[in-house]
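Report on the following structure.
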Amino acid sequence: MEGVDDLLATGQKSLGDGDWTAARAAFSAAVDLEATAAGLAGLGDAQWWLGDARAAFSCWERAYALSRRTEPAQAVFLALGLSILYDANFGDRAAAQGWGARAVRVAAEVGDPVVTAWASLARADSADGPGRVAARSEAAYDVAARAGDRDLELCALSLWGSALIDLGQVLEGMALLDEALAGALGGEGARPDTVVFTSCLLMRSCVRGGDFLRVVQWTRSLDSFIARYGCPYLHATCRASYGAVLVSTGDWPRAENELTAATELARDAMPAVQAEAAAFLADLRLGQGRVGEARRLLAGFENHTVVQPVLAASYLAAGEAATAVSFVRRQLGRTTPLDEARLREVLGAACLAAGDIPGAAAEAEHLSALGTATDSGLIAARAARLCGRALLAQGKSREAVARLSAAQSWFGLLEMPLEVARTRMLLADAMAADDPAPAVAEARIALATFEDLGAVADADAAASWLRSAGATAARLGPRGLGLLTKREHDVLAALAEGLPNPEIATRLYISRRTVEHHVASILSKLGVRNRTEAAAYLTQVSE
C-alpha cells in the first residue's frame, strides 16, 4: 500500500502530465491517509482542471490554513490563487480583495522580494483602477526580471498589458499580452497555470479591444497545449469572452454553445459574472433579430457596466430611440473608452432615428475625438461609421461614402462580418443617388452575409431595400423558409402549385382574407416581390 509521500509524488507527476483524473485519485488517497497542505493543494488543482470549482476552492482554503502555520511562503501562493480565482470564477470582489490583502501581509512576514512581488499581483488583480494595476504589475515584472522567475515575469507582463488596454493604450497593451502568452506557450514558465492566466487575460482584453483576429490566431497556437492539458478557458469570465469573440467573428453556432456553457459556469457566481455571460448572449440575440429575448436575458443586470452598451442597442433595435438617448446619456463618463465608443455610436444612431441630425453630428465629433485619443481600431471603425451616417443625413453623400468606406475597411480588418455588412448597407444608401448599380451590388453582398450569419432582421431590411431599388431580393437558404409558420408553409406549397387565393382558401379551410394575409406575410419574410418569386424560392430551396 502506497504511503502519503508516494501518493503525493504520483499526484504531482500526474499534474505535470495533464492527467487530471489520475492526479485527483492520487491526491484524494493521500488526503484520506493524512490531510497535508501539499495533498489538499494538489487535490484542489486537479479538481479545478476537471471543472469542479467549488471543491477546488474548499481544498485550497484548507491547504492555506495548514500552510499558514508551517510554510508561510506556500500560504502566500495559495492566497494569491484564491484572490485571482474568486474574482475570475465568481466575481466575488470582496473575497478577492480579502485574499489579496492576506497574501501581501503574509509575504511581508516571509521577507522574500519574489514572494512579495507575487503577492502584489493579487493586490493588482483585485485593485480598482487600471492605472494602479499597471503600476503594481510593472513593479512585479521588474522584480521577476532581476530574480529570473519566469512565471512571475509572464504573469506580470500579461496583467500589465491588460491594464494598459483599459487605459486606452491598446497597441502597447496587446504587445505585452502577446509577449507573455508566447513565453508561456514556449515553455518558459514551469506551470500550466501560467498559460491559463496569460491566455485568459489575452482573451478578455481582445474582446474589450475588439481585436478578434488575434484571438483566432492564438487559439490555433494553443492546439498543442489543449491536446496535452485541455482547454485553458476554465473561468466563467474567460469562457464568456471566448463566446463573445465567436459572435463578433461570425461563428454563431459555436458562440451559442460557448455562451450557454459560460452561463452554466456562472450559475453559482456573483451577479457581475452572470451579467457578463448574459450580456454577450444577449448581443448574439440582437444580431439574430431576437430583441425581446435579448431584453429578457438582461433583466436584473441593467446596472452592470458590461450590460449597458447591449441594453442601449436593444432599445434602439426595438425602435425606442428616445429611451436609448436618455439611457446612454446617463451612462457616459462612467465607462471605459471602448464601451463609451459603442454607447456613443448607439446614441448617434438614436439621434438620427429621432430626427436630431445636429445631435448625431455632435456625437460623431465626440467619437472621432475619442478615436484620436486612443489607438483602438474598433473605436476608429465606430467613429468613421457614425461620421458617415451623420454626413449622409446632412445630404453630403460623397463625404459619407468616404467615411463609410473607411469604417468598412476597419471592421473587415477586425474580422467582424456583421458590422461589415451593416456598413455596406449604409454605403448602399450613400451611393444610391449617384451610383445605383454599385449600391445594389453592395446591398446584395450585405444580404448574403446576413443570410449566412442568420441575422434575420438585418436580412429583412436588406431585402426590403433591394426591392425598393427595383432589384430582386429573394431570401436565400433554409433560414428564410424557417421563418414561416406551419400554416404559411401550407399556403406557400399551394401557391407554388399555381393555385389562386380562392382555391387555397378552399383547400386549407380558411377564409380568402386569411389567405391574403398569409401571402403578404410570406412575401415579406422571404424578401420576394410577388407570388411567382415566392414559388421560385420554394423550388430553389427544395432542389
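Within each chain, counting starts at residue 1; across the C-alpha cells, chains are named A, B, ... in the order shown, with ligands numbered 1 upward in that order.
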Find the residues near Glu516 (chain A): any atom within 12 Å, counting only C-alpha atoms, skip ones fewer than 6 places away on the same chain, and give them as number ranges by chain.
A: 488, 491-492, 495, 500-502, 504-505, 510, 522-523, 531
Residues as selected, N, CA and C atoms, written as a PDB file, in the first residue's frame, can you do that?
ATOM      1  N   GLU A 488     -48.236  29.073 -42.901  1.00  0.00           N
ATOM      2  CA  GLU A 488     -47.617  29.773 -44.026  1.00  0.00           C
ATOM      3  C   GLU A 488     -46.906  28.795 -44.946  1.00  0.00           C
ATOM      4  N   VAL A 491     -49.637  27.386 -47.106  1.00  0.00           N
ATOM      5  CA  VAL A 491     -50.055  28.356 -48.122  1.00  0.00           C
ATOM      6  C   VAL A 491     -49.006  28.455 -49.226  1.00  0.00           C
ATOM      7  N   LEU A 492     -47.716  28.474 -48.850  1.00  0.00           N
ATOM      8  CA  LEU A 492     -46.649  28.571 -49.847  1.00  0.00           C
ATOM      9  C   LEU A 492     -46.640  27.357 -50.763  1.00  0.00           C
ATOM     10  N   LEU A 495     -49.470  27.770 -53.125  1.00  0.00           N
ATOM     11  CA  LEU A 495     -49.124  28.865 -54.034  1.00  0.00           C
ATOM     12  C   LEU A 495     -48.151  28.394 -55.105  1.00  0.00           C
ATOM     13  N   PRO A 500     -54.864  29.866 -57.171  1.00  0.00           N
ATOM     14  CA  PRO A 500     -55.262  31.228 -56.782  1.00  0.00           C
ATOM     15  C   PRO A 500     -55.770  31.223 -55.332  1.00  0.00           C
ATOM     16  N   ASN A 501     -55.967  32.420 -54.796  1.00  0.00           N
ATOM     17  CA  ASN A 501     -56.358  32.534 -53.390  1.00  0.00           C
ATOM     18  C   ASN A 501     -57.662  31.805 -53.053  1.00  0.00           C
ATOM     19  N   PRO A 502     -58.713  31.888 -53.884  1.00  0.00           N
ATOM     20  CA  PRO A 502     -59.955  31.186 -53.532  1.00  0.00           C
ATOM     21  C   PRO A 502     -59.750  29.677 -53.402  1.00  0.00           C
ATOM     22  N   ILE A 504     -56.889  28.134 -52.673  1.00  0.00           N
ATOM     23  CA  ILE A 504     -56.072  27.890 -51.473  1.00  0.00           C
ATOM     24  C   ILE A 504     -56.969  27.930 -50.241  1.00  0.00           C
ATOM     25  N   ALA A 505     -57.905  28.887 -50.202  1.00  0.00           N
ATOM     26  CA  ALA A 505     -58.817  29.002 -49.069  1.00  0.00           C
ATOM     27  C   ALA A 505     -59.675  27.751 -48.929  1.00  0.00           C
ATOM     28  N   ILE A 510     -59.816  27.856 -44.843  1.00  0.00           N
ATOM     29  CA  ILE A 510     -59.637  29.180 -44.233  1.00  0.00           C
ATOM     30  C   ILE A 510     -60.280  30.208 -45.152  1.00  0.00           C
ATOM     31  N   ILE A 522     -45.755  35.933 -46.172  1.00  0.00           N
ATOM     32  CA  ILE A 522     -44.745  35.091 -46.831  1.00  0.00           C
ATOM     33  C   ILE A 522     -43.825  35.938 -47.706  1.00  0.00           C
ATOM     34  N   LEU A 523     -44.411  36.834 -48.498  1.00  0.00           N
ATOM     35  CA  LEU A 523     -43.594  37.692 -49.373  1.00  0.00           C
ATOM     36  C   LEU A 523     -42.634  38.537 -48.550  1.00  0.00           C
ATOM     37  N   ARG A 531     -45.906  36.495 -56.089  1.00  0.00           N
ATOM     38  CA  ARG A 531     -46.182  35.070 -55.918  1.00  0.00           C
ATOM     39  C   ARG A 531     -45.246  34.222 -56.768  1.00  0.00           C
TER      40      ARG A 531
END
Could you go through region 269-344 of chain A and tell me which residues DSSP, when run on the backbone, assigns to helix (DSSP H, G or I), listing them as a ChimeraX atom specification?
/A:271-287,291-298,308-317,321-331,337-344
Which polymer residues have any atom within 8 Å of an atom of region 294-311 of chain A, counting only C-alpha atoms, with same-chain residues fewer than 3 positions away left out, as a JSON list (two decimals) with all heavy atoms, in the first residue's frame?
[["chain", "number", "residue", "atom", "x", "y", "z"],
["A", 271, "PRO", "N", -23.43, 38.29, -9.26],
["A", 271, "PRO", "CA", -24.17, 38.89, -10.39],
["A", 271, "PRO", "C", -23.27, 39.49, -11.47],
["A", 271, "PRO", "O", -23.64, 39.48, -12.65],
["A", 271, "PRO", "CB", -25.01, 39.97, -9.70],
["A", 271, "PRO", "CG", -25.24, 39.44, -8.32],
["A", 271, "PRO", "CD", -23.96, 38.74, -7.97],
["A", 272, "ALA", "N", -22.09, 40.02, -11.10],
["A", 272, "ALA", "CA", -21.22, 40.63, -12.12],
["A", 272, "ALA", "C", -20.80, 39.63, -13.17],
["A", 272, "ALA", "O", -20.75, 39.95, -14.37],
["A", 272, "ALA", "CB", -19.99, 41.25, -11.45],
["A", 275, "ALA", "N", -23.81, 38.66, -15.22],
["A", 275, "ALA", "CA", -24.16, 39.76, -16.12],
["A", 275, "ALA", "C", -23.32, 39.73, -17.38],
["A", 275, "ALA", "O", -23.83, 40.00, -18.48],
["A", 275, "ALA", "CB", -23.97, 41.10, -15.40],
["A", 276, "GLU", "N", -22.04, 39.39, -17.25],
["A", 276, "GLU", "CA", -21.17, 39.35, -18.43],
["A", 276, "GLU", "C", -21.63, 38.27, -19.40],
["A", 276, "GLU", "O", -21.74, 38.50, -20.61],
["A", 276, "GLU", "CB", -19.73, 39.11, -18.00],
["A", 276, "GLU", "CG", -18.74, 39.19, -19.15],
["A", 276, "GLU", "CD", -17.31, 39.19, -18.66],
["A", 276, "GLU", "OE1", -16.90, 38.19, -18.02],
["A", 276, "GLU", "OE2", -16.59, 40.17, -18.91],
["A", 278, "ALA", "N", -24.61, 36.99, -19.61],
["A", 278, "ALA", "CA", -25.90, 37.40, -20.14],
["A", 278, "ALA", "C", -25.75, 38.47, -21.22],
["A", 278, "ALA", "O", -26.45, 38.45, -22.24],
["A", 278, "ALA", "CB", -26.79, 37.93, -19.01],
["A", 279, "ALA", "N", -24.82, 39.41, -21.01],
["A", 279, "ALA", "CA", -24.63, 40.49, -21.98],
["A", 279, "ALA", "C", -24.15, 39.96, -23.32],
["A", 279, "ALA", "O", -24.65, 40.36, -24.38],
["A", 279, "ALA", "CB", -23.62, 41.51, -21.43],
["A", 281, "LEU", "N", -24.47, 36.87, -24.50],
["A", 281, "LEU", "CA", -25.52, 36.07, -25.14],
["A", 281, "LEU", "C", -26.62, 36.98, -25.68],
["A", 281, "LEU", "O", -27.15, 36.73, -26.77],
["A", 281, "LEU", "CB", -26.10, 35.07, -24.13],
["A", 281, "LEU", "CG", -27.12, 34.06, -24.67],
["A", 281, "LEU", "CD1", -26.54, 33.28, -25.85],
["A", 281, "LEU", "CD2", -27.56, 33.10, -23.57],
["A", 282, "ALA", "N", -26.94, 38.04, -24.96],
["A", 282, "ALA", "CA", -27.94, 38.99, -25.45],
["A", 282, "ALA", "C", -27.47, 39.67, -26.73],
["A", 282, "ALA", "O", -28.27, 39.96, -27.64],
["A", 282, "ALA", "CB", -28.25, 40.03, -24.38],
["A", 283, "ASP", "N", -26.17, 39.96, -26.83],
["A", 283, "ASP", "CA", -25.62, 40.56, -28.04],
["A", 283, "ASP", "C", -25.83, 39.63, -29.24],
["A", 283, "ASP", "O", -26.13, 40.08, -30.35],
["A", 283, "ASP", "CB", -24.14, 40.86, -27.85],
["A", 283, "ASP", "CG", -23.72, 42.17, -28.48],
["A", 283, "ASP", "OD1", -24.60, 42.93, -28.94],
["A", 283, "ASP", "OD2", -22.51, 42.44, -28.52],
["A", 285, "ARG", "N", -28.26, 37.47, -29.48],
["A", 285, "ARG", "CA", -29.69, 37.51, -29.79],
["A", 285, "ARG", "C", -30.05, 38.77, -30.58],
["A", 285, "ARG", "O", -30.89, 38.72, -31.49],
["A", 285, "ARG", "CB", -30.49, 37.47, -28.49],
["A", 285, "ARG", "CG", -30.35, 36.15, -27.72],
["A", 285, "ARG", "CD", -31.04, 35.01, -28.46],
["A", 285, "ARG", "NE", -30.87, 33.76, -27.73],
["A", 285, "ARG", "CZ", -29.98, 32.83, -28.05],
["A", 285, "ARG", "NH1", -29.20, 33.00, -29.11],
["A", 285, "ARG", "NH2", -29.89, 31.72, -27.34],
["A", 286, "LEU", "N", -29.42, 39.89, -30.26],
["A", 286, "LEU", "CA", -29.68, 41.11, -31.04],
["A", 286, "LEU", "C", -29.26, 40.91, -32.49],
["A", 286, "LEU", "O", -29.96, 41.32, -33.42],
["A", 286, "LEU", "CB", -28.92, 42.29, -30.43],
["A", 286, "LEU", "CG", -29.47, 42.89, -29.15],
["A", 286, "LEU", "CD1", -28.60, 44.08, -28.72],
["A", 286, "LEU", "CD2", -30.92, 43.34, -29.32],
["A", 290, "ARG", "N", -33.57, 38.78, -32.42],
["A", 290, "ARG", "CA", -34.45, 38.32, -31.34],
["A", 290, "ARG", "C", -34.38, 39.32, -30.18],
["A", 290, "ARG", "O", -33.84, 39.04, -29.11],
["A", 290, "ARG", "CB", -34.05, 36.91, -30.92],
["A", 290, "ARG", "CG", -34.23, 35.92, -32.06],
["A", 290, "ARG", "CD", -33.33, 34.69, -31.97],
["A", 290, "ARG", "NE", -33.62, 33.83, -30.85],
["A", 290, "ARG", "CZ", -32.99, 32.68, -30.61],
["A", 290, "ARG", "NH1", -32.03, 32.28, -31.46],
["A", 290, "ARG", "NH2", -33.29, 31.96, -29.56],
["A", 291, "VAL", "N", -34.93, 40.50, -30.42],
["A", 291, "VAL", "CA", -34.76, 41.62, -29.49],
["A", 291, "VAL", "C", -35.43, 41.35, -28.15],
["A", 291, "VAL", "O", -34.86, 41.62, -27.09],
["A", 291, "VAL", "CB", -35.31, 42.92, -30.11],
["A", 291, "VAL", "CG1", -35.16, 44.08, -29.14],
["A", 291, "VAL", "CG2", -34.60, 43.22, -31.43],
["A", 314, "SER", "N", -30.32, 47.41, -27.58],
["A", 314, "SER", "CA", -31.62, 46.74, -27.62],
["A", 314, "SER", "C", -32.76, 47.76, -27.67],
["A", 314, "SER", "O", -33.77, 47.54, -28.34],
["A", 314, "SER", "CB", -31.78, 45.80, -26.43],
["A", 314, "SER", "OG", -32.06, 46.51, -25.23],
["A", 315, "TYR", "N", -32.60, 48.86, -26.95],
["A", 315, "TYR", "CA", -33.62, 49.92, -27.03],
["A", 315, "TYR", "C", -33.73, 50.43, -28.46],
["A", 315, "TYR", "O", -34.83, 50.63, -28.99],
["A", 315, "TYR", "CB", -33.26, 51.08, -26.10],
["A", 315, "TYR", "CG", -33.41, 50.80, -24.62],
["A", 315, "TYR", "CD1", -32.44, 51.21, -23.72],
["A", 315, "TYR", "CD2", -34.54, 50.15, -24.13],
["A", 315, "TYR", "CE1", -32.58, 50.96, -22.36],
["A", 315, "TYR", "CE2", -34.68, 49.90, -22.77],
["A", 315, "TYR", "CZ", -33.70, 50.30, -21.88],
["A", 315, "TYR", "OH", -33.83, 50.07, -20.54],
["A", 331, "GLN", "N", -25.20, 57.15, -18.86],
["A", 331, "GLN", "CA", -24.07, 56.25, -18.63],
["A", 331, "GLN", "C", -22.73, 56.88, -19.00],
["A", 331, "GLN", "O", -21.69, 56.46, -18.48],
["A", 331, "GLN", "CB", -24.23, 54.96, -19.46],
["A", 331, "GLN", "CG", -25.58, 54.28, -19.35],
["A", 331, "GLN", "CD", -26.07, 54.13, -17.93],
["A", 331, "GLN", "OE1", -25.31, 53.77, -17.03],
["A", 331, "GLN", "NE2", -27.35, 54.41, -17.71],
["A", 335, "THR", "N", -17.61, 54.87, -18.04],
["A", 335, "THR", "CA", -17.23, 53.64, -18.74],
["A", 335, "THR", "C", -15.81, 53.74, -19.27],
["A", 335, "THR", "O", -15.19, 54.80, -19.26],
["A", 335, "THR", "CB", -18.18, 53.39, -19.93],
["A", 335, "THR", "OG1", -18.06, 54.49, -20.85],
["A", 335, "THR", "CG2", -19.62, 53.28, -19.48],
["A", 339, "ASP", "N", -16.15, 50.88, -24.24],
["A", 339, "ASP", "CA", -17.60, 50.86, -24.01],
["A", 339, "ASP", "C", -18.22, 52.21, -24.38],
["A", 339, "ASP", "O", -19.34, 52.27, -24.91],
["A", 339, "ASP", "CB", -17.89, 50.54, -22.55],
["A", 339, "ASP", "CG", -17.69, 49.07, -22.22],
["A", 339, "ASP", "OD1", -17.75, 48.25, -23.15],
["A", 339, "ASP", "OD2", -17.47, 48.75, -21.04],
["A", 342, "ARG", "N", -19.02, 52.40, -28.13],
["A", 342, "ARG", "CA", -20.25, 51.76, -28.58],
["A", 342, "ARG", "C", -21.47, 52.55, -28.13],
["A", 342, "ARG", "O", -22.44, 52.71, -28.86],
["A", 342, "ARG", "CB", -20.33, 50.33, -28.05],
["A", 342, "ARG", "CG", -21.57, 49.60, -28.59],
["A", 342, "ARG", "CD", -21.60, 48.14, -28.27],
["A", 342, "ARG", "NE", -22.75, 47.51, -28.87],
["A", 342, "ARG", "CZ", -23.10, 46.25, -28.68],
["A", 342, "ARG", "NH1", -22.35, 45.47, -27.91],
["A", 342, "ARG", "NH2", -24.17, 45.73, -29.27],
["A", 343, "LEU", "N", -21.43, 53.04, -26.89],
["A", 343, "LEU", "CA", -22.54, 53.83, -26.39],
["A", 343, "LEU", "C", -22.76, 55.08, -27.24],
["A", 343, "LEU", "O", -23.90, 55.43, -27.57],
["A", 343, "LEU", "CB", -22.30, 54.22, -24.93],
["A", 343, "LEU", "CG", -22.49, 53.12, -23.89],
["A", 343, "LEU", "CD1", -21.94, 53.57, -22.55],
["A", 343, "LEU", "CD2", -23.97, 52.75, -23.76]]
Show which residues sit within 9 Å of region 236-247 of chain A, as a JSON list (two decimals) with N, CA and C atoms, in the first residue's frame. Count only C-alpha atoms, and ignore same-chain residues fewer than 2 positions away.
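Result file follows (selection_20.json):
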[["chain", "number", "residue", "atom", "x", "y", "z"],
["A", 88, "ALA", "N", -12.20, 35.85, -10.91],
["A", 88, "ALA", "CA", -12.40, 35.33, -12.26],
["A", 88, "ALA", "C", -13.54, 34.32, -12.34],
["A", 89, "ASN", "N", -13.68, 33.47, -11.32],
["A", 89, "ASN", "CA", -14.70, 32.43, -11.37],
["A", 89, "ASN", "C", -16.06, 32.91, -10.88],
["A", 90, "PHE", "N", -16.06, 33.70, -9.81],
["A", 90, "PHE", "CA", -17.32, 34.04, -9.16],
["A", 90, "PHE", "C", -17.63, 35.53, -9.15],
["A", 91, "GLY", "N", -16.66, 36.37, -9.54],
["A", 91, "GLY", "CA", -16.89, 37.80, -9.50],
["A", 91, "GLY", "C", -17.03, 38.33, -8.08],
["A", 199, "SER", "N", -3.42, 33.36, -21.22],
["A", 199, "SER", "CA", -4.35, 33.19, -22.35],
["A", 199, "SER", "C", -5.72, 33.79, -22.03],
["A", 200, "CYS", "N", -6.16, 33.64, -20.79],
["A", 200, "CYS", "CA", -7.47, 34.20, -20.43],
["A", 200, "CYS", "C", -7.43, 35.73, -20.38],
["A", 201, "LEU", "N", -6.33, 36.29, -19.89],
["A", 201, "LEU", "CA", -6.23, 37.75, -19.91],
["A", 201, "LEU", "C", -6.19, 38.28, -21.34],
["A", 203, "MET", "N", -7.53, 36.81, -23.93],
["A", 203, "MET", "CA", -8.87, 36.64, -24.47],
["A", 203, "MET", "C", -9.78, 37.79, -24.06],
["A", 204, "ARG", "N", -9.81, 38.09, -22.78],
["A", 204, "ARG", "CA", -10.71, 39.13, -22.29],
["A", 204, "ARG", "C", -10.31, 40.51, -22.81],
["A", 205, "SER", "N", -9.01, 40.73, -22.91],
["A", 205, "SER", "CA", -8.54, 42.03, -23.40],
["A", 205, "SER", "C", -8.86, 42.21, -24.87],
["A", 206, "CYS", "N", -8.76, 41.13, -25.64],
["A", 206, "CYS", "CA", -9.09, 41.21, -27.06],
["A", 206, "CYS", "C", -10.57, 41.52, -27.26],
["A", 207, "VAL", "N", -11.41, 40.98, -26.40],
["A", 207, "VAL", "CA", -12.84, 41.28, -26.50],
["A", 207, "VAL", "C", -13.07, 42.76, -26.22],
["A", 208, "ARG", "N", -12.42, 43.28, -25.18],
["A", 208, "ARG", "CA", -12.59, 44.70, -24.87],
["A", 208, "ARG", "C", -12.02, 45.58, -25.97],
["A", 210, "GLY", "N", -11.68, 44.69, -29.15],
["A", 210, "GLY", "CA", -12.21, 44.37, -30.47],
["A", 210, "GLY", "C", -11.20, 43.73, -31.40],
["A", 211, "ASP", "N", -10.16, 43.10, -30.85],
["A", 211, "ASP", "CA", -9.11, 42.50, -31.68],
["A", 211, "ASP", "C", -9.38, 41.00, -31.81],
["A", 212, "PHE", "N", -10.40, 40.66, -32.59],
["A", 212, "PHE", "CA", -10.86, 39.28, -32.64],
["A", 212, "PHE", "C", -9.96, 38.39, -33.49],
["A", 213, "LEU", "N", -9.32, 38.96, -34.50],
["A", 213, "LEU", "CA", -8.41, 38.18, -35.32],
["A", 213, "LEU", "C", -7.26, 37.64, -34.47],
["A", 215, "VAL", "N", -7.32, 36.72, -31.38],
["A", 215, "VAL", "CA", -7.79, 35.55, -30.63],
["A", 215, "VAL", "C", -7.81, 34.32, -31.52],
["A", 216, "VAL", "N", -8.32, 34.47, -32.73],
["A", 216, "VAL", "CA", -8.38, 33.34, -33.66],
["A", 216, "VAL", "C", -6.97, 32.79, -33.92],
["A", 232, "PRO", "N", -7.79, 25.84, -21.87],
["A", 232, "PRO", "CA", -7.37, 26.73, -20.79],
["A", 232, "PRO", "C", -8.44, 27.72, -20.36],
["A", 233, "TYR", "N", -9.56, 27.78, -21.06],
["A", 233, "TYR", "CA", -10.60, 28.76, -20.74],
["A", 233, "TYR", "C", -11.49, 28.20, -19.63],
["A", 234, "LEU", "N", -10.93, 28.15, -18.42],
["A", 234, "LEU", "CA", -11.57, 27.48, -17.30],
["A", 234, "LEU", "C", -12.50, 28.39, -16.50],
["A", 249, "THR", "N", -16.91, 37.37, -34.71],
["A", 249, "THR", "CA", -16.27, 36.85, -35.92],
["A", 249, "THR", "C", -17.20, 36.02, -36.78],
["A", 250, "GLY", "N", -18.47, 35.89, -36.35],
["A", 250, "GLY", "CA", -19.47, 35.27, -37.21],
["A", 250, "GLY", "C", -19.67, 33.79, -37.04],
["A", 251, "ASP", "N", -19.04, 33.16, -36.06],
["A", 251, "ASP", "CA", -19.24, 31.72, -35.83],
["A", 251, "ASP", "C", -20.34, 31.57, -34.78],
["A", 252, "TRP", "N", -21.57, 31.83, -35.17],
["A", 252, "TRP", "CA", -22.67, 31.90, -34.22],
["A", 252, "TRP", "C", -23.08, 30.55, -33.64],
["A", 253, "PRO", "N", -23.03, 29.44, -34.38],
["A", 253, "PRO", "CA", -23.37, 28.16, -33.74],
["A", 253, "PRO", "C", -22.42, 27.81, -32.59],
["A", 254, "ARG", "N", -21.11, 28.00, -32.78],
["A", 254, "ARG", "CA", -20.16, 27.74, -31.70],
["A", 254, "ARG", "C", -20.32, 28.76, -30.58],
["A", 255, "ALA", "N", -20.62, 30.00, -30.95],
["A", 255, "ALA", "CA", -20.84, 31.03, -29.93],
["A", 255, "ALA", "C", -22.00, 30.64, -29.03],
["A", 256, "GLU", "N", -23.04, 30.11, -29.63],
["A", 256, "GLU", "CA", -24.20, 29.66, -28.84],
["A", 256, "GLU", "C", -23.78, 28.63, -27.81],
["A", 257, "ASN", "N", -22.96, 27.67, -28.22],
["A", 257, "ASN", "CA", -22.51, 26.62, -27.31],
["A", 257, "ASN", "C", -21.65, 27.19, -26.19],
["A", 258, "GLU", "N", -20.69, 28.03, -26.54],
["A", 258, "GLU", "CA", -19.76, 28.57, -25.54],
["A", 258, "GLU", "C", -20.48, 29.48, -24.55],
["A", 259, "LEU", "N", -21.38, 30.30, -25.04],
["A", 259, "LEU", "CA", -22.08, 31.23, -24.15],
["A", 259, "LEU", "C", -23.08, 30.50, -23.26],
["A", 260, "THR", "N", -23.67, 29.43, -23.78],
["A", 260, "THR", "CA", -24.54, 28.61, -22.94],
["A", 260, "THR", "C", -23.73, 27.96, -21.82],
["A", 261, "ALA", "N", -22.52, 27.45, -22.18],
["A", 261, "ALA", "CA", -21.64, 26.86, -21.18],
["A", 261, "ALA", "C", -21.19, 27.90, -20.16],
["A", 262, "ALA", "N", -20.88, 29.10, -20.62],
["A", 262, "ALA", "CA", -20.46, 30.17, -19.70],
["A", 262, "ALA", "C", -21.58, 30.54, -18.75],
["A", 263, "THR", "N", -22.80, 30.57, -19.26],
["A", 263, "THR", "CA", -23.95, 30.87, -18.41],
["A", 263, "THR", "C", -24.11, 29.82, -17.32],
["A", 264, "GLU", "N", -23.87, 28.57, -17.69],
["A", 264, "GLU", "CA", -23.95, 27.49, -16.71],
["A", 264, "GLU", "C", -22.84, 27.60, -15.67],
["A", 265, "LEU", "N", -21.61, 27.90, -16.13],
["A", 265, "LEU", "CA", -20.49, 28.07, -15.21],
["A", 265, "LEU", "C", -20.75, 29.22, -14.23],
["A", 266, "ALA", "N", -21.45, 30.23, -14.70],
["A", 266, "ALA", "CA", -21.70, 31.42, -13.88],
["A", 266, "ALA", "C", -22.89, 31.27, -12.96],
["A", 269, "ALA", "N", -22.07, 32.03, -9.54],
["A", 269, "ALA", "CA", -21.20, 33.20, -9.40],
["A", 269, "ALA", "C", -21.98, 34.42, -8.93],
["A", 273, "VAL", "N", -20.48, 38.41, -12.76],
["A", 273, "VAL", "CA", -20.07, 37.37, -13.71],
["A", 273, "VAL", "C", -21.28, 36.90, -14.51],
["A", 274, "GLN", "N", -22.42, 36.72, -13.85],
["A", 274, "GLN", "CA", -23.63, 36.34, -14.56],
["A", 274, "GLN", "C", -24.02, 37.41, -15.58],
["A", 276, "GLU", "N", -22.04, 39.39, -17.25],
["A", 276, "GLU", "CA", -21.17, 39.35, -18.43],
["A", 276, "GLU", "C", -21.63, 38.27, -19.40],
["A", 277, "ALA", "N", -21.91, 37.07, -18.88],
["A", 277, "ALA", "CA", -22.38, 35.99, -19.74],
["A", 277, "ALA", "C", -23.72, 36.37, -20.39],
["A", 278, "ALA", "N", -24.61, 36.99, -19.61],
["A", 278, "ALA", "CA", -25.90, 37.40, -20.14],
["A", 278, "ALA", "C", -25.75, 38.47, -21.22],
["A", 280, "PHE", "N", -23.18, 39.04, -23.29],
["A", 280, "PHE", "CA", -22.65, 38.51, -24.54],
["A", 280, "PHE", "C", -23.68, 37.65, -25.26],
["A", 281, "LEU", "N", -24.47, 36.87, -24.50],
["A", 281, "LEU", "CA", -25.52, 36.07, -25.14],
["A", 281, "LEU", "C", -26.62, 36.98, -25.68],
["A", 283, "ASP", "N", -26.17, 39.96, -26.83],
["A", 283, "ASP", "CA", -25.62, 40.56, -28.04],
["A", 283, "ASP", "C", -25.83, 39.63, -29.24],
["A", 284, "LEU", "N", -25.64, 38.33, -29.01],
["A", 284, "LEU", "CA", -25.91, 37.35, -30.07],
["A", 284, "LEU", "C", -27.38, 37.40, -30.47],
["A", 287, "GLY", "N", -28.11, 40.30, -32.69],
["A", 287, "GLY", "CA", -27.66, 40.03, -34.05],
["A", 287, "GLY", "C", -28.62, 39.14, -34.80],
["A", 416, "MET", "N", -15.09, 41.30, -38.33],
["A", 416, "MET", "CA", -16.43, 41.45, -37.78],
["A", 416, "MET", "C", -17.44, 41.49, -38.93]]
Distance query Ala140 (chain A) at most 10 Å, only C-alpha atoms, self and fewer than 2 positions along chain excluded, as a list in words
Pro113, Val114, Val115, Thr116, Ala117, Trp118, Ala119, Ser120, Leu121, Ala124, Ala134, Ala135, Arg136, Ser137, Glu138, Asp142, Val143, Ala144, Ala145, Leu152, Glu153, Cys155, Ala156, Leu157 and Trp160 of chain A
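Those residues that approach region 177-189 of chain A to within 6 Å, counting only C-alpha atoms, are A:Arg150, A:Asp151, A:Leu154, A:Leu157, A:Ser158, A:Gly161, A:Val195, A:Thr198, A:Leu202; same-chain residues fewer than 6 positions away are not listed.
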For Ala430 (chain A), list every protein, DNA or RNA residue within 12 Å, evaluated using only C-alpha atoms, and leave out those in the same chain fewer than 5 positions away; present the list as number ranges by chain.
A: 385, 388-405, 423-425, 435-436, 438-440, 442-443
For each of A:Pro358, A:Ala407, A:Ala9, A:Thr21, take the minimum atom-to-atom distance to Gly51 (chain A), counting only C-alpha atoms, then give the residue where this is smallest.
A:Thr21
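For the atom pair formed by CA of Arg487 (chain A) and CA of Val519 (chain A), the distance is 10.6 Å, given to one decimal.
Computed from the coordinates, the CA of Glu503 (chain A) to CA of His517 (chain A) distance equals 15.0 Å.
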Could you check which of A:Ser468, A:Gly454, A:Arg512, A:Ala313 is closest to Phe327 (chain A), using only C-alpha atoms?
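Going through A:Ser468, A:Gly454, A:Arg512, A:Ala313 one by one, the smallest distance to Phe327 (chain A) is for A:Ala313.
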Looking at only C-alpha atoms, which of A:Leu222, A:Ala53, A:Ala360, A:Leu171 is the one that sits closest to Asp268 (chain A)?
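Of all the options, A:Ala53 lies closest to Asp268 (chain A).
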